[in-house]
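J.: This is work-v9.cif (mmCIF, C-alpha atoms).
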data_coords
loop_
_atom_site.group_PDB
_atom_site.id
_atom_site.type_symbol
_atom_site.label_atom_id
_atom_site.label_comp_id
_atom_site.auth_asym_id
_atom_site.auth_seq_id
_atom_site.Cartn_x
_atom_site.Cartn_y
_atom_site.Cartn_z
ATOM 1 C CA MET A 570 -16.624 -8.279 0.991
ATOM 2 C CA GLN A 571 -14.371 -7.317 3.866
ATOM 3 C CA ILE A 572 -11.388 -6.493 1.644
ATOM 4 C CA ASP A 573 -11.774 -4.933 -1.790
ATOM 5 C CA PRO A 574 -8.418 -3.882 -3.254
ATOM 6 C CA ASN A 575 -10.254 -1.985 -6.009
ATOM 7 C CA ARG A 576 -11.478 0.581 -3.433
ATOM 8 C CA THR A 577 -7.856 1.564 -2.774
ATOM 9 C CA TRP A 578 -7.632 3.918 -5.748
ATOM 10 C CA LYS A 579 -11.267 4.970 -6.334
ATOM 11 C CA LEU A 580 -10.922 8.286 -4.498
ATOM 12 C CA VAL A 581 -7.556 8.944 -6.184
ATOM 13 C CA GLU A 582 -9.232 8.371 -9.566
ATOM 14 C CA ALA A 583 -12.074 10.724 -8.603
ATOM 15 C CA LYS A 584 -9.617 13.438 -7.534
ATOM 16 C CA LEU A 585 -7.655 12.938 -10.771
ATOM 17 C CA ALA A 586 -10.832 13.351 -12.843
ATOM 18 C CA GLN A 587 -11.395 16.776 -11.238
ATOM 19 C CA GLU A 588 -7.790 18.014 -11.215
ATOM 20 C CA THR A 589 -6.726 20.503 -13.915
ATOM 21 C CA SER A 590 -3.131 21.276 -12.884
ATOM 22 C CA PRO A 591 -0.688 19.224 -15.005
ATOM 23 C CA LYS A 592 1.768 18.853 -12.105
ATOM 24 C CA ARG A 593 -0.906 17.721 -9.668
ATOM 25 C CA ARG A 594 -2.378 15.355 -12.269
ATOM 26 C CA ARG A 595 1.085 13.819 -12.703
ATOM 27 C CA ASN A 596 1.396 13.368 -8.936
ATOM 28 C CA LEU A 597 -1.988 11.646 -8.720
ATOM 29 C CA GLU A 598 -1.180 9.458 -11.752
ATOM 30 C CA LEU A 599 2.036 8.294 -10.056
ATOM 31 C CA VAL A 600 0.203 7.368 -6.858
ATOM 32 C CA LEU A 601 -2.515 5.617 -8.875
ATOM 33 C CA ALA A 602 0.035 3.559 -10.833
ATOM 34 C CA HIS A 603 1.904 2.741 -7.599
ATOM 35 C CA MET A 604 -1.279 1.602 -5.822
ATOM 36 C CA LYS A 605 -2.381 -0.610 -8.709
ATOM 37 C CA ALA A 606 1.068 -2.212 -9.059
ATOM 38 C CA GLU A 607 1.158 -2.862 -5.305
ATOM 39 C CA ALA A 608 -2.258 -4.570 -5.476
ATOM 40 C CA ARG A 609 -1.024 -6.821 -8.303
ATOM 41 C CA GLY A 610 2.137 -7.722 -6.371
ATOM 42 C CA ASP A 611 4.105 -6.117 -9.221
ATOM 43 C CA ILE A 612 7.291 -4.952 -7.517
ATOM 44 C CA GLU A 613 8.819 -3.639 -10.754
ATOM 45 C CA GLY A 614 5.642 -1.659 -11.428
ATOM 46 C CA VAL A 615 5.957 -0.098 -7.967
ATOM 47 C CA VAL A 616 9.642 0.705 -8.455
ATOM 48 C CA ALA A 617 8.889 2.299 -11.855
ATOM 49 C CA THR A 618 7.008 5.097 -10.037
ATOM 50 C CA LEU A 619 10.000 5.976 -7.828
ATOM 51 C CA CYS A 620 12.981 8.315 -8.144
ATOM 52 C CA GLU A 621 16.496 6.837 -8.219
ATOM 53 C CA LYS A 622 17.087 7.307 -4.472
ATOM 54 C CA PRO A 623 13.757 6.567 -2.797
ATOM 55 C CA ARG A 624 13.105 6.833 0.907
ATOM 56 C CA TYR A 625 10.332 5.053 2.781
ATOM 57 C CA VAL A 626 9.514 6.036 6.353
ATOM 58 C CA THR A 627 7.323 3.935 8.645
ATOM 59 C CA HIS A 628 6.888 6.377 11.512
ATOM 60 C CA ASP A 629 5.496 3.682 13.814
ATOM 61 C CA LEU A 630 8.607 1.481 13.382
ATOM 62 C CA PRO A 631 11.512 3.912 12.923
ATOM 63 C CA GLY A 632 14.189 1.479 14.121
ATOM 64 C CA GLU A 633 13.342 -1.366 11.726
ATOM 65 C CA ALA A 634 15.544 -1.052 8.643
ATOM 66 C CA VAL A 635 13.417 -3.401 6.512
ATOM 67 C CA MET A 636 10.360 -1.197 7.134
ATOM 68 C CA ASN A 637 12.260 1.987 6.258
ATOM 69 C CA PRO A 638 14.134 1.275 3.007
ATOM 70 C CA GLN A 639 16.099 4.116 1.524
ATOM 71 C CA GLY A 640 18.905 4.996 -0.816
ATOM 72 C CA ASP A 641 18.178 2.775 -3.811
ATOM 73 C CA LYS A 642 15.456 0.860 -5.580
ATOM 74 C CA ASP A 643 16.899 -2.512 -4.537
ATOM 75 C CA ALA A 644 16.133 -1.680 -0.897
ATOM 76 C CA VAL A 645 12.520 -0.965 -1.912
ATOM 77 C CA ARG A 646 12.353 -4.218 -3.902
ATOM 78 C CA GLN A 647 13.528 -6.090 -0.810
ATOM 79 C CA PHE A 648 10.952 -4.280 1.358
ATOM 80 C CA TYR A 649 8.058 -5.329 -0.896
ATOM 81 C CA ASP A 650 9.381 -8.846 -1.336
ATOM 82 C CA LEU A 651 9.843 -9.417 2.404
ATOM 83 C CA THR A 652 6.743 -7.637 3.706
ATOM 84 C CA ILE A 653 4.144 -8.265 0.998
ATOM 85 C CA ILE A 654 5.146 -11.073 -1.387
ATOM 86 C CA GLN A 655 6.873 -13.586 0.899
ATOM 87 C CA THR A 656 4.355 -13.070 3.706
ATOM 88 C CA GLY A 657 1.418 -13.655 1.355
ATOM 89 C CA ALA A 658 -0.099 -10.392 2.600
ATOM 90 C CA HIS A 659 -0.582 -8.919 -0.872
ATOM 91 C CA ARG A 660 -4.369 -8.911 -0.591
ATOM 92 C CA LEU A 661 -4.849 -5.407 0.730
ATOM 93 C CA GLU A 662 -7.062 -2.366 0.606
ATOM 94 C CA LEU A 663 -6.584 1.230 1.712
ATOM 95 C CA ASP A 664 -10.191 2.384 1.937
ATOM 96 C CA CYS A 665 -9.405 6.063 1.352
ATOM 97 C CA ASP A 666 -11.703 8.704 2.706
ATOM 98 C CA ARG A 667 -9.288 11.594 2.111
ATOM 99 C CA VAL A 668 -6.957 12.486 -0.747
ATOM 100 C CA ILE A 669 -5.090 15.787 -0.762
ATOM 101 C CA VAL A 670 -2.778 16.836 -3.592
ATOM 102 C CA ASP A 671 -0.442 19.759 -4.123
ATOM 103 C CA ASP A 672 2.568 20.383 -6.354
ATOM 104 C CA ASP A 673 4.971 18.551 -4.020
ATOM 105 C CA ALA A 674 3.051 15.547 -2.670
ATOM 106 C CA VAL A 675 -0.138 13.533 -2.375
ATOM 107 C CA PHE A 676 -1.675 12.544 0.946
ATOM 108 C CA THR A 677 -4.026 9.566 1.268
ATOM 109 C CA GLU A 678 -5.822 8.548 4.429
ATOM 110 C CA GLY A 679 -8.196 5.750 5.306
ATOM 111 C CA VAL A 680 -8.521 2.301 6.788
ATOM 112 C CA MET A 681 -5.830 -0.188 5.746
ATOM 113 C CA ARG A 682 -7.054 -3.749 5.517
ATOM 114 C CA MET A 683 -4.779 -6.671 4.768
ATOM 115 C CA ALA A 684 -5.471 -10.395 4.638
ATOM 116 C CA TYR A 685 -2.636 -12.125 6.496
ATOM 117 C CA PRO A 686 -2.229 -15.888 6.088
ATOM 118 C CA GLY A 687 -2.433 -17.797 9.364
ATOM 119 C CA THR A 688 0.970 -19.384 8.713
ATOM 120 C CA THR A 689 2.550 -15.928 8.432
ATOM 121 C CA LEU A 690 0.910 -14.775 11.645
ATOM 122 C CA GLN A 691 2.146 -17.884 13.465
ATOM 123 C CA ALA A 692 5.680 -17.188 12.211
ATOM 124 C CA MET A 693 5.301 -13.656 13.597
ATOM 125 C CA GLY A 694 4.337 -15.056 17.019
ATOM 126 C CA HIS A 695 0.549 -14.589 16.849
ATOM 127 C CA ALA A 696 -1.618 -17.487 18.066
ATOM 128 C CA VAL A 697 -4.296 -18.338 15.490
ATOM 129 C CA ASP A 698 -6.631 -21.340 15.467
ATOM 130 C CA ASP A 699 -6.346 -22.087 11.729
ATOM 131 C CA PRO A 700 -2.992 -21.646 9.964
ATOM 132 C CA GLU A 701 -4.710 -22.237 6.597
ATOM 133 C CA ALA A 702 -7.144 -19.323 7.060
ATOM 134 C CA TYR A 703 -6.621 -15.608 6.476
ATOM 135 C CA TYR A 704 -6.976 -12.978 9.181
ATOM 136 C CA LEU A 705 -7.880 -9.312 8.898
ATOM 137 C CA TYR A 706 -5.295 -6.669 9.772
ATOM 138 C CA GLU A 707 -7.133 -3.368 10.137
ATOM 139 C CA ALA A 708 -5.746 0.040 11.108
ATOM 140 C CA ARG A 709 -6.243 3.699 10.288
ATOM 141 C CA MET A 710 -3.382 4.861 8.061
ATOM 142 C CA GLY A 711 -2.166 8.083 6.514
ATOM 143 C CA VAL A 712 0.352 8.030 3.671
ATOM 144 C CA VAL A 713 2.382 10.995 2.431
ATOM 145 C CA TRP A 714 3.616 10.428 -1.134
ATOM 146 C CA PRO A 715 6.368 13.059 -1.633
ATOM 147 C CA VAL A 716 7.425 13.852 -5.200
ATOM 148 C CA ASP A 717 11.072 14.406 -6.101
ATOM 149 C CA PRO A 718 11.283 17.895 -7.638
ATOM 150 C CA GLU A 719 14.130 16.980 -9.993
ATOM 151 C CA SER A 720 12.826 13.743 -11.522
ATOM 152 C CA GLY A 721 9.095 14.285 -11.037
ATOM 153 C CA MET A 722 8.831 10.733 -9.616
ATOM 154 C CA LEU A 723 7.718 9.604 -6.173
ATOM 155 C CA ARG A 724 10.382 9.800 -3.471
ATOM 156 C CA GLY A 725 8.644 6.985 -1.610
ATOM 157 C CA GLU A 726 6.040 6.733 1.120
ATOM 158 C CA GLU A 727 5.812 8.088 4.641
ATOM 159 C CA THR A 728 3.216 6.158 6.639
ATOM 160 C CA TYR A 729 1.461 6.912 9.913
ATOM 161 C CA THR A 730 -0.682 4.255 11.568
ATOM 162 C CA GLY A 731 -3.230 5.174 14.229
ATOM 163 C CA THR A 732 -3.710 1.769 15.856
ATOM 164 C CA ASP A 733 -2.091 -1.655 16.035
ATOM 165 C CA GLY A 734 -3.764 -3.603 13.225
ATOM 166 C CA PHE A 735 -2.491 -6.860 14.700
ATOM 167 C CA ALA A 736 -4.272 -6.358 18.041
ATOM 168 C CA GLY A 737 -7.056 -8.950 18.186
ATOM 169 C CA ILE A 738 -6.267 -10.237 14.693
ATOM 170 C CA ALA A 739 -6.894 -13.869 15.704
ATOM 171 C CA ASP A 740 -10.573 -12.956 16.189
ATOM 172 C CA ARG A 741 -10.919 -11.598 12.634
ATOM 173 C CA LYS A 742 -10.807 -14.713 10.474
ATOM 174 C CA LEU A 743 -11.414 -14.353 6.731
ATOM 175 C CA SER A 744 -12.018 -16.704 3.852
ATOM 176 C CA LEU A 745 -11.012 -16.046 0.258
ATOM 177 C CA ALA A 746 -14.701 -15.280 -0.401
ATOM 178 C CA ASP A 747 -14.236 -12.203 1.831
ATOM 179 C CA ILE A 748 -11.620 -10.808 -0.570
ATOM 180 C CA ALA A 749 -12.747 -9.250 -3.845
ATOM 181 C CA PRO A 750 -10.693 -10.065 -6.951
ATOM 182 C CA LEU A 751 -8.855 -7.308 -8.777
ATOM 183 C CA GLU A 752 -10.885 -5.740 -11.551
ATOM 184 C CA PRO A 753 -9.234 -5.660 -15.002
ATOM 185 C CA ASP A 754 -7.047 -2.592 -15.439
ATOM 186 C CA PRO A 755 -7.645 -0.991 -18.862
ATOM 187 C CA SER A 756 -4.301 0.857 -18.626
ATOM 188 C CA LEU A 757 -2.499 -2.514 -18.816
ATOM 189 C CA GLU A 758 -4.357 -3.582 -21.964
ATOM 190 C CA ARG A 759 -2.606 -1.125 -24.264
#
Could you quickly redo this structure as structure tokens?

T.:
Amino acid sequence: MQIDPNRTWKLVEAKLAQETSPKRRRNLELVLAHMKAEARGDIEGVVATLCEKPRYVTHDLPGEAVMNPQGDKDAVRQFYDLTIIQTGAHRLELDCDRVIVDDDAVFTEGVMRMAYPGTTLQAMGHAVDDPEAYYLYEARMGVVWPVDPESGMLRGEETYTGTDGFAGIADRKLSLADIAPLEPDPSLER
């Protein structure tokens, strides 16, 4: 498998299993719930982890309002709808190799992999040979997950990307067989 969304939260779960501080456990649980909702394409599940006035910062694209929603949950809903749901790019994995937690935030770092439909890439101006295929976006990414001290909910995400994941994307064709299905989530079976 080239993309396994289930790897996204494995290191967060491992860190949570070792953590004894109630505040830090809460922070990790919020990130875990957020990651799993994102992988399911569950916008309301994502928004449920956020404070009332969230703020997302995409440091690589500071001038693009859609990529930097802030002020209310509707802006975040629009961000996920436009960038993940409508594009069909909801098949994603953040293969974390570092998770750091303190009382105020969680930091995750790893390789972000996303399966972009060829039709979406063509609409974005990328030349691909098969609009019906998927193509692998791959870039090193760090995410700061700040926690609002008043509500105890996530304030949003602050992302840093080390490379352009779209560079050479036309040469990284995928099939659906290259994308692992989501494993059942026992927390949803309650």

J.: Could you write out as a list in words the residues that the PyMOL selection byres ((chain A and resi 639) around 10) matches in the shown file?

T.: Lys622, Pro623, Arg624, Tyr625, Val626, Ala634, Val635, Met636, Asn637, Pro638, Gly640, Asp641, Lys642, Asp643, Ala644, Val645, Phe648, Arg724 and Gly725 of chain A

J.: Could you name the residues that touch Glu678 of chain A at 6 Å or less, counting only C-alpha atoms, but leaving out those on the same chain fewer than 2 positions away, as a list in words?

T.: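 Residues near the query, excluding close chain neighbours: Cys665, Arg667, Met710 and Gly711 of chain A.
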
J.: Mind pulling up the distance from atom CA of Thr677 of chain A to atom CA of Leu585 of chain A?

T.: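 For atom CA of Leu585 of chain A relative to atom CA of Thr677 of chain A, the distance reads 13.0 Å.
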
J.: Smallest atom-to-atom distance to Tyr704 of chain A: which of A:Gly731, A:Gly657, A:Pro591, A:Gly632, using only C-alpha atoms?

T.: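 The shortest atom-to-atom distance to Tyr704 of chain A comes from A:Gly657.
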
J.: From the options A:Ala658, A:Leu723, A:Val712, A:Ala684, which residue's atoms come nearest to Glu607 of chain A, counting all atoms listed in the file?

T.: A:Ala658

J.: Mind listing as a short mmCIF file (atom, residue, chain, number, x, y, z; two decimals) with C-alpha atoms, in the frame of the given file all residues within 12 Å of (-13.6, -11.5, -1.7), counting only C-alpha atoms?

T.:
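And here's point-v5.cif as it stands now:
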data_model
loop_
_atom_site.label_atom_id
_atom_site.label_comp_id
_atom_site.auth_asym_id
_atom_site.auth_seq_id
_atom_site.Cartn_x
_atom_site.Cartn_y
_atom_site.Cartn_z
CA MET A 570 -16.62 -8.28 0.99
CA GLN A 571 -14.37 -7.32 3.87
CA ILE A 572 -11.39 -6.49 1.64
CA ASP A 573 -11.77 -4.93 -1.79
CA PRO A 574 -8.42 -3.88 -3.25
CA ASN A 575 -10.25 -1.98 -6.01
CA ARG A 660 -4.37 -8.91 -0.59
CA LEU A 661 -4.85 -5.41 0.73
CA GLU A 662 -7.06 -2.37 0.61
CA MET A 683 -4.78 -6.67 4.77
CA ALA A 684 -5.47 -10.40 4.64
CA TYR A 703 -6.62 -15.61 6.48
CA LEU A 743 -11.41 -14.35 6.73
CA SER A 744 -12.02 -16.70 3.85
CA LEU A 745 -11.01 -16.05 0.26
CA ALA A 746 -14.70 -15.28 -0.40
CA ASP A 747 -14.24 -12.20 1.83
CA ILE A 748 -11.62 -10.81 -0.57
CA ALA A 749 -12.75 -9.25 -3.84
CA PRO A 750 -10.69 -10.06 -6.95
CA LEU A 751 -8.86 -7.31 -8.78
CA GLU A 752 -10.88 -5.74 -11.55
#

J.: Quick one: 5 Å padding each side, axis-aligned, all listed atoms of segment 649-663 of chain A - centre and edge lengths in Å to one decimal, as lines of an AutoDock Vina configuration file?

T.:
center_x = 1.4
center_y = -6.2
center_z = 1.2
size_x = 26.9
size_y = 24.9
size_z = 15.1

J.: Record the distance separating atom CA of Val616 of chain A and atom CA of Val675 of chain A, expressed in Å with one decimal.

T.: 17.2 Å

J.: How many Å lie between atom CA of Glu701 of chain A and atom CA of Arg609 of chain A, rounded to one decimal?

T.: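 Pair atom CA of Glu701 of chain A / atom CA of Arg609 of chain A returns 21.8 Å.
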
J.: Hey, what's within 10 Å of Ile612 of chain A if we count only C-alpha atoms and toss same-chain stuff fewer than 2 positions away? As JSON, numbers by chain, please?

T.: {"A": [603, 606, 607, 608, 609, 610, 614, 615, 616, 617, 645, 646, 647, 648, 649, 650, 653, 654]}

J.: Please write as a PDB file with C-alpha atoms, keeping the file's coordinate frame the full residue list that the PyMOL selection byres ((chain A and resi 690) around 12) yields on this file.

T.:
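Output saved as out_3.pdb:
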ATOM      1  CA  THR A 656       4.355 -13.070   3.706  1.00  0.00           C
ATOM      2  CA  GLY A 657       1.418 -13.655   1.355  1.00  0.00           C
ATOM      3  CA  ALA A 658      -0.099 -10.392   2.600  1.00  0.00           C
ATOM      4  CA  ALA A 684      -5.471 -10.395   4.638  1.00  0.00           C
ATOM      5  CA  TYR A 685      -2.636 -12.125   6.496  1.00  0.00           C
ATOM      6  CA  PRO A 686      -2.229 -15.888   6.088  1.00  0.00           C
ATOM      7  CA  GLY A 687      -2.433 -17.797   9.364  1.00  0.00           C
ATOM      8  CA  THR A 688       0.970 -19.384   8.713  1.00  0.00           C
ATOM      9  CA  THR A 689       2.550 -15.928   8.432  1.00  0.00           C
ATOM     10  CA  GLN A 691       2.146 -17.884  13.465  1.00  0.00           C
ATOM     11  CA  ALA A 692       5.680 -17.188  12.211  1.00  0.00           C
ATOM     12  CA  MET A 693       5.301 -13.656  13.597  1.00  0.00           C
ATOM     13  CA  GLY A 694       4.337 -15.056  17.019  1.00  0.00           C
ATOM     14  CA  HIS A 695       0.549 -14.589  16.849  1.00  0.00           C
ATOM     15  CA  ALA A 696      -1.618 -17.487  18.066  1.00  0.00           C
ATOM     16  CA  VAL A 697      -4.296 -18.338  15.490  1.00  0.00           C
ATOM     17  CA  ASP A 698      -6.631 -21.340  15.467  1.00  0.00           C
ATOM     18  CA  ASP A 699      -6.346 -22.087  11.729  1.00  0.00           C
ATOM     19  CA  PRO A 700      -2.992 -21.646   9.964  1.00  0.00           C
ATOM     20  CA  GLU A 701      -4.710 -22.237   6.597  1.00  0.00           C
ATOM     21  CA  ALA A 702      -7.144 -19.323   7.060  1.00  0.00           C
ATOM     22  CA  TYR A 703      -6.621 -15.608   6.476  1.00  0.00           C
ATOM     23  CA  TYR A 704      -6.976 -12.978   9.181  1.00  0.00           C
ATOM     24  CA  LEU A 705      -7.880  -9.312   8.898  1.00  0.00           C
ATOM     25  CA  TYR A 706      -5.295  -6.669   9.772  1.00  0.00           C
ATOM     26  CA  PHE A 735      -2.491  -6.860  14.700  1.00  0.00           C
ATOM     27  CA  ALA A 736      -4.272  -6.358  18.041  1.00  0.00           C
ATOM     28  CA  GLY A 737      -7.056  -8.950  18.186  1.00  0.00           C
ATOM     29  CA  ILE A 738      -6.267 -10.237  14.693  1.00  0.00           C
ATOM     30  CA  ALA A 739      -6.894 -13.869  15.704  1.00  0.00           C
ATOM     31  CA  LYS A 742     -10.807 -14.713  10.474  1.00  0.00           C
TER      32      LYS A 742
END

J.: Run the PyMOL selection byres ((chain A and resi 599) around 10) on the file and write out the hits as a ChimeraX atom specification.

T.: /A:593-598,600-604,615,617-619,675,714,716,721-723

J.: Which one of A:Thr730, A:Ser756, A:Thr652, A:Thr589 sits closest to Leu630 of chain A if you count all atoms listed in the file?

T.: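 For Leu630 of chain A, the nearest of the given residues is A:Thr730.
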